[in-house]
Amino acid sequence: MAKWEENVRKVVPYTPGEQPNQPGMIKLNTNENPYPPSPMVEKVLHEFNTDKLRLYPDPTNGSLVYALAECYNVKPSQVFVGVGSDDVLALCFLTFFNSKKPILFPDITYSFYDVWADLFRIPYEDQPLDENMCIRKEDYMKENGGVIFANPNAPTGVAMELSEIEEIEASTPEVICIVDEAYIDFGGTSALPLIEKYDNLLVVQTFSKSRAMAGSRIGYVFGNERLIQYLNDVKYSFNSYTMDQVTLATGVAAIRDDAYFKETLNRVIATRERMKKELGELGFTMPDSKSNFLFISHPQVPAKYLLDELRKRNIFVRYFAKPRIDNMLRVSIGTDDEMDRFLACVKEIIASA
């Protein structure tokens with residue numbers, strides 16, 4: 001090892017979902033929305049004045065912050081916007097998790113949490129989900145350096161009751177509690193109302209899933225005004241101009257088209273519920289997902305075998321080679337046509353296994 005490597009910060013990086021690009025493929029592995037963004041987004045793109053690109057964007061992201069504040073009925077000073085929820089969450093880790101006590105998050109959850117903890121040298125402890133893949137609220141009601149969990153959780157899709165979230169929040173007044181709500185619009189109950197009651201709560205959401213804008217990278221967080229100011233202080237100490245002019249304009253357009261948002265959301269939910277029933281009839285078991293994906297397991301056909309056979313048929317799903325979940329597949333909800341093709345292939349694979 002070279003001498004200079006002694007001072008290199010070494011981490012095991014996050015592994016994102018595969019991004020295949022093959023003709024005729026069905027991509028059900030990264031929880032993207034199967035429908036396009038609002039037509040208002042396309043209109044903004046067509047009409048965008050490219051002369052604006054020679055100018056720096058608004059460092060406060062003001063237009064988008066105000067649109068979000070209006071949409072969710074909060075003050076602009078209670079909103080922080082970043083480059084995807086990953087950017088927002090990383091800044092939250094960096095800003096608020098600085099105790100010598102371990103932060104707490106589930107053992108089966110979004111696998112970026114332990115990466116950020118290692119990157120920023122934050123001690124942490126995994127809290128095991130119960131036998132039904134549910135978060136046990138009691139595990140977070142103990143001394144700690146901070147709490148973060150996804151609701152609905154990923155990759156399980158299981159949502160917690162708001163009352164349980166509040167119990168956790170009420171028991172941890174000395175530390176920051178972050179609720180990661182990337183999938184909340186698909187069936188969970190948001191913890192957003194609790195920010196008025198608890199000054200140590202942050203609620204993170206994203207445009208990547210329910211608003212069909214994963215390619216634009218827009219994330220945001222709601223919280224007490226002091227928490228948002230602390231986040232802005234860190235942001236301005238790192239990179240003032242985090243969002244480009246085009247993203248800000250299209251983000252505002254997406255937020256303002258509430259009718260389209262609800263229409264596509266309901267289509268995804270309806271397809272998900274149909275898939276629960278039809279996969280159940282094929283013998284699959286799964287937690288009761290409130291997200292835009294299902295976490296499935298078959299009693300006779302191993303998950304890895306299903307993964308490989310589906311790939312041969314140009315269908316991509318997500319597999320995690322980790323303890324407790326290495327016989328499960330996470331399947332994003334696509335269009336009805338895509339899911340019908342997926343089901344047909346699954347039936348074929350099971351019959352020939």
# chains A, B, ... in the order shown; residues from 1 in each chain; ligands from 1
call {"tool": "residues_around", "arguments": {"residues": "Gly187 (chain A)", "least_positions_apart": "4", "cutoff": "9 Å", "atoms": "only C-alpha atoms", "output": "list in words"}}
result
Pro152, Ala159, Tyr183, Ile269, Ser289, Lys290 and Ser291 of chain A
call {"tool": "write_last_selection", "arguments": {"atoms": "N, CA and C atoms", "output": "PDB file, in the first residue's frame"}}
result
ATOM      1  N   PRO A 152     -43.188   4.199   4.199  1.00  0.00           N
ATOM      2  CA  PRO A 152     -43.022   2.747   4.285  1.00  0.00           C
ATOM      3  C   PRO A 152     -41.549   2.338   4.149  1.00  0.00           C
ATOM      4  N   ALA A 159     -45.636  -0.204   6.147  1.00  0.00           N
ATOM      5  CA  ALA A 159     -45.804   1.138   6.714  1.00  0.00           C
ATOM      6  C   ALA A 159     -46.135   1.055   8.202  1.00  0.00           C
ATOM      7  N   TYR A 183     -41.717   6.737  -0.166  1.00  0.00           N
ATOM      8  CA  TYR A 183     -42.847   6.009  -0.745  1.00  0.00           C
ATOM      9  C   TYR A 183     -44.172   6.353  -0.091  1.00  0.00           C
ATOM     10  N   ILE A 269     -51.317   2.337  -7.535  1.00  0.00           N
ATOM     11  CA  ILE A 269     -51.893   1.646  -6.370  1.00  0.00           C
ATOM     12  C   ILE A 269     -52.839   0.535  -6.812  1.00  0.00           C
ATOM     13  N   SER A 289     -47.526  -4.420   1.298  1.00  0.00           N
ATOM     14  CA  SER A 289     -46.821  -3.229   0.817  1.00  0.00           C
ATOM     15  C   SER A 289     -47.741  -2.024   0.679  1.00  0.00           C
ATOM     16  N   LYS A 290     -47.255  -0.878   1.146  1.00  0.00           N
ATOM     17  CA  LYS A 290     -47.910   0.410   0.936  1.00  0.00           C
ATOM     18  C   LYS A 290     -47.021   1.304   0.079  1.00  0.00           C
ATOM     19  N   SER A 291     -46.198   0.679  -0.740  1.00  0.00           N
ATOM     20  CA  SER A 291     -45.250   1.403  -1.577  1.00  0.00           C
ATOM     21  C   SER A 291     -45.554   1.109  -3.049  1.00  0.00           C
TER      22      SER A 291
END
call {"tool": "residues_around", "arguments": {"residues": "region 313-329 of chain A", "least_positions_apart": "3", "cutoff": "10 Å", "atoms": "only C-alpha atoms", "output": "PyMOL selection string"}}
result
chain A and resi 17-20+22-31+107-108+129+131+133+155-156+284-286+293-299+301-310+332+338+341-342+345
call {"tool": "write_last_selection", "arguments": {"atoms": "N, CA and C atoms", "output": "CSV table (one decimal), in the first residue's frame"}}
result
chain,number,residue,atom,x,y,z
A,17,GLY,N,-29.4,0.2,-7.9
A,17,GLY,CA,-30.0,-0.8,-8.8
A,17,GLY,C,-29.4,-0.8,-10.2
A,18,GLU,N,-29.4,-2.0,-10.8
A,18,GLU,CA,-28.9,-2.0,-12.2
A,18,GLU,C,-29.7,-1.2,-13.1
A,19,GLN,N,-29.0,-0.5,-14.1
A,19,GLN,CA,-29.7,0.3,-15.0
A,19,GLN,C,-29.5,-0.3,-16.4
A,20,PRO,N,-30.2,-1.3,-16.7
A,20,PRO,CA,-30.1,-2.0,-18.1
A,20,PRO,C,-30.7,-1.1,-19.1
A,22,GLN,N,-31.9,-2.2,-22.7
A,22,GLN,CA,-32.1,-3.3,-23.7
A,22,GLN,C,-33.5,-3.1,-24.4
A,23,PRO,N,-33.5,-3.3,-25.7
A,23,PRO,CA,-34.8,-3.2,-26.4
A,23,PRO,C,-35.8,-4.2,-25.8
A,24,GLY,N,-37.0,-3.7,-25.6
A,24,GLY,CA,-38.1,-4.6,-25.2
A,24,GLY,C,-38.1,-5.0,-23.8
A,25,MET,N,-37.2,-4.5,-23.0
A,25,MET,CA,-37.0,-4.9,-21.6
A,25,MET,C,-38.2,-4.4,-20.7
A,26,ILE,N,-38.4,-5.1,-19.6
A,26,ILE,CA,-39.3,-4.6,-18.6
A,26,ILE,C,-38.5,-4.3,-17.3
A,27,LYS,N,-38.4,-3.1,-16.9
A,27,LYS,CA,-37.5,-2.7,-15.8
A,27,LYS,C,-38.3,-2.5,-14.5
A,28,LEU,N,-38.2,-3.5,-13.7
A,28,LEU,CA,-39.0,-3.5,-12.4
A,28,LEU,C,-38.0,-3.6,-11.2
A,29,ASN,N,-36.8,-3.0,-11.3
A,29,ASN,CA,-35.8,-3.2,-10.3
A,29,ASN,C,-35.4,-2.0,-9.5
A,30,THR,N,-35.9,-0.8,-9.9
A,30,THR,CA,-35.4,0.4,-9.2
A,30,THR,C,-36.6,1.3,-8.8
A,31,ASN,N,-37.8,0.8,-8.7
A,31,ASN,CA,-38.9,1.5,-8.1
A,31,ASN,C,-39.2,2.8,-8.8
A,107,ASP,N,-32.4,-3.2,10.6
A,107,ASP,CA,-31.4,-4.0,9.9
A,107,ASP,C,-31.7,-4.3,8.5
A,108,ILE,N,-33.0,-4.3,8.1
A,108,ILE,CA,-33.4,-4.4,6.8
A,108,ILE,C,-34.1,-3.1,6.4
A,129,LEU,N,-35.8,-6.0,12.4
A,129,LEU,CA,-37.3,-6.1,12.2
A,129,LEU,C,-37.8,-7.4,12.8
A,131,GLU,N,-40.6,-10.7,13.0
A,131,GLU,CA,-40.8,-11.8,12.1
A,131,GLU,C,-41.8,-11.5,11.0
A,133,MET,N,-41.6,-8.6,9.4
A,133,MET,CA,-40.9,-7.5,8.7
A,133,MET,C,-41.3,-6.1,9.1
A,155,PRO,N,-36.6,-2.6,1.7
A,155,PRO,CA,-37.4,-3.1,0.6
A,155,PRO,C,-38.7,-3.8,1.0
A,156,THR,N,-39.1,-3.7,2.2
A,156,THR,CA,-40.3,-4.5,2.6
A,156,THR,C,-41.6,-3.9,2.2
A,284,PHE,N,-47.2,-17.1,-3.8
A,284,PHE,CA,-46.2,-16.1,-3.3
A,284,PHE,C,-46.7,-15.5,-1.9
A,285,THR,N,-45.8,-15.3,-1.0
A,285,THR,CA,-46.1,-14.6,0.2
A,285,THR,C,-45.4,-13.2,0.1
A,286,MET,N,-45.9,-12.2,0.8
A,286,MET,CA,-45.3,-10.9,0.8
A,286,MET,C,-45.8,-10.1,2.0
A,293,PHE,N,-43.9,-1.1,-4.8
A,293,PHE,CA,-43.2,-2.3,-5.1
A,293,PHE,C,-43.7,-3.4,-4.2
A,294,LEU,N,-43.5,-4.6,-4.5
A,294,LEU,CA,-43.8,-5.8,-3.7
A,294,LEU,C,-42.5,-6.6,-3.4
A,295,PHE,N,-42.5,-7.2,-2.2
A,295,PHE,CA,-41.4,-7.9,-1.7
A,295,PHE,C,-41.8,-9.4,-1.6
A,296,ILE,N,-41.5,-10.2,-2.6
A,296,ILE,CA,-42.2,-11.5,-2.7
A,296,ILE,C,-41.2,-12.7,-2.5
A,297,SER,N,-41.8,-13.7,-2.1
A,297,SER,CA,-41.1,-15.0,-1.9
A,297,SER,C,-42.0,-16.2,-2.2
A,298,HIS,N,-41.4,-17.2,-2.9
A,298,HIS,CA,-42.2,-18.4,-3.2
A,298,HIS,C,-41.7,-19.6,-2.4
A,299,PRO,N,-42.6,-20.4,-1.9
A,299,PRO,CA,-42.2,-21.5,-1.1
A,299,PRO,C,-41.4,-22.6,-1.8
A,301,VAL,N,-39.9,-22.1,-5.3
A,301,VAL,CA,-39.0,-21.6,-6.3
A,301,VAL,C,-38.1,-20.6,-5.7
A,302,PRO,N,-36.7,-20.8,-5.6
A,302,PRO,CA,-35.8,-19.9,-4.9
A,302,PRO,C,-35.8,-18.5,-5.6
A,303,ALA,N,-35.6,-17.5,-4.9
A,303,ALA,CA,-35.6,-16.1,-5.4
A,303,ALA,C,-34.5,-15.9,-6.5
A,304,LYS,N,-33.3,-16.4,-6.2
A,304,LYS,CA,-32.2,-16.3,-7.1
A,304,LYS,C,-32.5,-16.9,-8.5
A,305,TYR,N,-33.2,-18.1,-8.4
A,305,TYR,CA,-33.6,-18.8,-9.6
A,305,TYR,C,-34.6,-18.0,-10.4
A,306,LEU,N,-35.6,-17.4,-9.7
A,306,LEU,CA,-36.6,-16.6,-10.4
A,306,LEU,C,-35.9,-15.3,-11.0
A,307,LEU,N,-35.0,-14.7,-10.3
A,307,LEU,CA,-34.2,-13.6,-10.8
A,307,LEU,C,-33.6,-13.9,-12.1
A,308,ASP,N,-32.8,-15.0,-12.1
A,308,ASP,CA,-32.1,-15.4,-13.3
A,308,ASP,C,-33.0,-15.7,-14.5
A,309,GLU,N,-34.1,-16.4,-14.2
A,309,GLU,CA,-35.0,-16.8,-15.3
A,309,GLU,C,-35.7,-15.6,-15.8
A,310,LEU,N,-36.1,-14.7,-15.0
A,310,LEU,CA,-36.7,-13.5,-15.5
A,310,LEU,C,-35.8,-12.6,-16.3
A,332,SER,N,-40.8,-3.8,-8.6
A,332,SER,CA,-41.5,-2.5,-8.8
A,332,SER,C,-42.8,-2.7,-9.5
A,338,GLU,N,-47.1,-4.3,-18.5
A,338,GLU,CA,-45.8,-4.8,-18.1
A,338,GLU,C,-46.0,-5.9,-17.0
A,341,ARG,N,-47.2,-9.2,-18.4
A,341,ARG,CA,-46.1,-9.9,-19.0
A,341,ARG,C,-45.3,-10.6,-17.9
A,342,PHE,N,-45.0,-9.8,-16.9
A,342,PHE,CA,-44.2,-10.3,-15.7
A,342,PHE,C,-44.9,-11.6,-15.1
A,345,CYS,N,-44.7,-14.7,-17.3
A,345,CYS,CA,-43.3,-15.3,-17.3
A,345,CYS,C,-43.1,-16.0,-15.9
call {"tool": "select_by_dssp", "arguments": {"residues": "region 81-256 of chain A", "states": "strand (DSSP E)", "output": "number ranges by chain"}}
result
A: 81-82, 103-106, 124-127, 146-150, 177-180, 201-206, 219-223
call {"tool": "residues_around", "arguments": {"residues": "Arg9 (chain A)", "least_positions_apart": "5", "cutoff": "10 Å", "atoms": "only C-alpha atoms", "output": "PyMOL selection string"}}
result
chain A and resi 118-121
call {"tool": "select_by_dssp", "arguments": {"residues": "region 112-211 of chain A", "states": "alpha helix (DSSP H)", "output": "ChimeraX atom specification"}}
result
/A:113-119,162-171
call {"tool": "closest_atom_pairs", "arguments": {"of": "region 192-276 of chain A", "to": "region 72-89 of chain A", "cutoff": "10 Å", "atoms": "only C-alpha atoms", "output": "tab-separated table"}}
result
residue	atom	partner	partner_atom	distance
A:Leu192	CA	A:Tyr72	CA	8.7
A:Pro193	CA	A:Val74	CA	9.5
A:Ile195	CA	A:Gln78	CA	9.0
A:Glu196	CA	A:Val74	CA	9.4
A:Leu202	CA	A:Gln78	CA	9.7
A:Val203	CA	A:Val79	CA	9.8
A:Val204	CA	A:Ser85	CA	6.9
A:Gln205	CA	A:Ser85	CA	6.5
A:Thr206	CA	A:Ser85	CA	5.5
A:Phe207	CA	A:Gly84	CA	7.6
A:Ser208	CA	A:Gly84	CA	7.5
A:Met213	CA	A:Gly84	CA	9.7
A:Ala214	CA	A:Gly84	CA	8.0
A:Gly215	CA	A:Gly84	CA	9.3
A:Ser216	CA	A:Gly84	CA	7.9
A:Arg217	CA	A:Gly84	CA	4.1
A:Ile218	CA	A:Gly84	CA	4.0
A:Gly219	CA	A:Gly84	CA	3.9
A:Tyr220	CA	A:Val81	CA	4.3
A:Val221	CA	A:Phe80	CA	5.3
A:Phe222	CA	A:Val79	CA	4.8
A:Gly223	CA	A:Gln78	CA	5.2
A:Asn224	CA	A:Gln78	CA	5.8
A:Glu225	CA	A:Gln78	CA	5.0
A:Arg226	CA	A:Gln78	CA	8.4
A:Leu227	CA	A:Gln78	CA	8.2
A:Ile228	CA	A:Phe80	CA	6.1
A:Gln229	CA	A:Ser77	CA	7.9
A:Leu231	CA	A:Phe80	CA	7.5
A:Asn232	CA	A:Phe80	CA	7.5
A:Lys235	CA	A:Gly82	CA	9.0
A:Thr242	CA	A:Val83	CA	6.6
A:Met243	CA	A:Val83	CA	6.4
A:Asp244	CA	A:Val83	CA	9.4
A:Thr247	CA	A:Val83	CA	9.4
A:Leu248	CA	A:Val81	CA	9.9
A:Ile255	CA	A:Tyr72	CA	10.0
call {"tool": "closest_residue", "arguments": {"among": "A:Leu343, A:Leu265, A:Ile135, A:Ile178", "to": "Tyr113 (chain A)", "atoms": "only C-alpha atoms"}}
result
A:Ile178
call {"tool": "residues_around", "arguments": {"residues": "Asn144 (chain A)", "least_positions_apart": "4", "cutoff": "8 Å", "atoms": "only C-alpha atoms", "output": "PDB file with C-alpha atoms, in the first residue's frame"}}
result
ATOM      1  CA  LYS A 101     -23.761   7.564  20.839  1.00  0.00           C
ATOM      2  CA  PRO A 102     -24.924   5.260  18.017  1.00  0.00           C
ATOM      3  CA  ILE A 103     -27.732   6.233  15.702  1.00  0.00           C
ATOM      4  CA  LEU A 104     -30.448   3.625  15.226  1.00  0.00           C
ATOM      5  CA  VAL A 175     -31.843  13.697  19.421  1.00  0.00           C
TER       6      VAL A 175
END
call {"tool": "residues_around", "arguments": {"residues": "Tyr35 (chain A)", "least_positions_apart": "3", "cutoff": "10 Å", "atoms": "only C-alpha atoms", "output": "number ranges by chain"}}
result
A: 32, 38, 210-213, 264-265, 267-268, 334-335
call {"tool": "write_last_selection", "arguments": {"atoms": "N, CA and C atoms", "output": "compact mmCIF listing (two decimals), in the first residue's frame"}}
result
# COMPACT_ATOMS: atom_id res chain seq x y z
N GLU A 32 -38.92 2.92 -10.10
CA GLU A 32 -39.27 4.12 -10.85
C GLU A 32 -40.77 4.11 -11.17
N SER A 38 -45.77 14.90 -15.20
CA SER A 38 -46.89 15.75 -15.62
C SER A 38 -46.65 16.37 -16.99
N SER A 210 -43.40 8.96 -6.64
CA SER A 210 -44.79 9.29 -6.97
C SER A 210 -44.92 10.41 -7.98
N ARG A 211 -43.92 11.26 -8.11
CA ARG A 211 -44.00 12.35 -9.09
C ARG A 211 -43.23 12.05 -10.38
N ALA A 212 -42.73 10.83 -10.50
CA ALA A 212 -42.16 10.33 -11.76
C ALA A 212 -41.01 11.18 -12.29
N MET A 213 -40.15 11.66 -11.38
CA MET A 213 -39.04 12.52 -11.82
C MET A 213 -37.71 12.06 -11.23
N THR A 264 -52.06 9.36 -11.67
CA THR A 264 -51.04 8.33 -11.87
C THR A 264 -50.78 7.55 -10.58
N LEU A 265 -50.86 8.25 -9.46
CA LEU A 265 -50.69 7.58 -8.17
C LEU A 265 -51.74 6.48 -8.00
N ARG A 267 -53.36 4.91 -10.28
CA ARG A 267 -53.14 3.83 -11.24
C ARG A 267 -52.10 2.84 -10.70
N VAL A 268 -51.03 3.36 -10.14
CA VAL A 268 -49.99 2.50 -9.57
C VAL A 268 -50.56 1.68 -8.40
N GLY A 334 -45.04 -1.82 -12.44
CA GLY A 334 -45.01 -1.20 -13.75
C GLY A 334 -46.40 -0.91 -14.25
N THR A 335 -46.54 -0.71 -15.54
CA THR A 335 -47.87 -0.54 -16.13
C THR A 335 -48.61 -1.87 -16.07
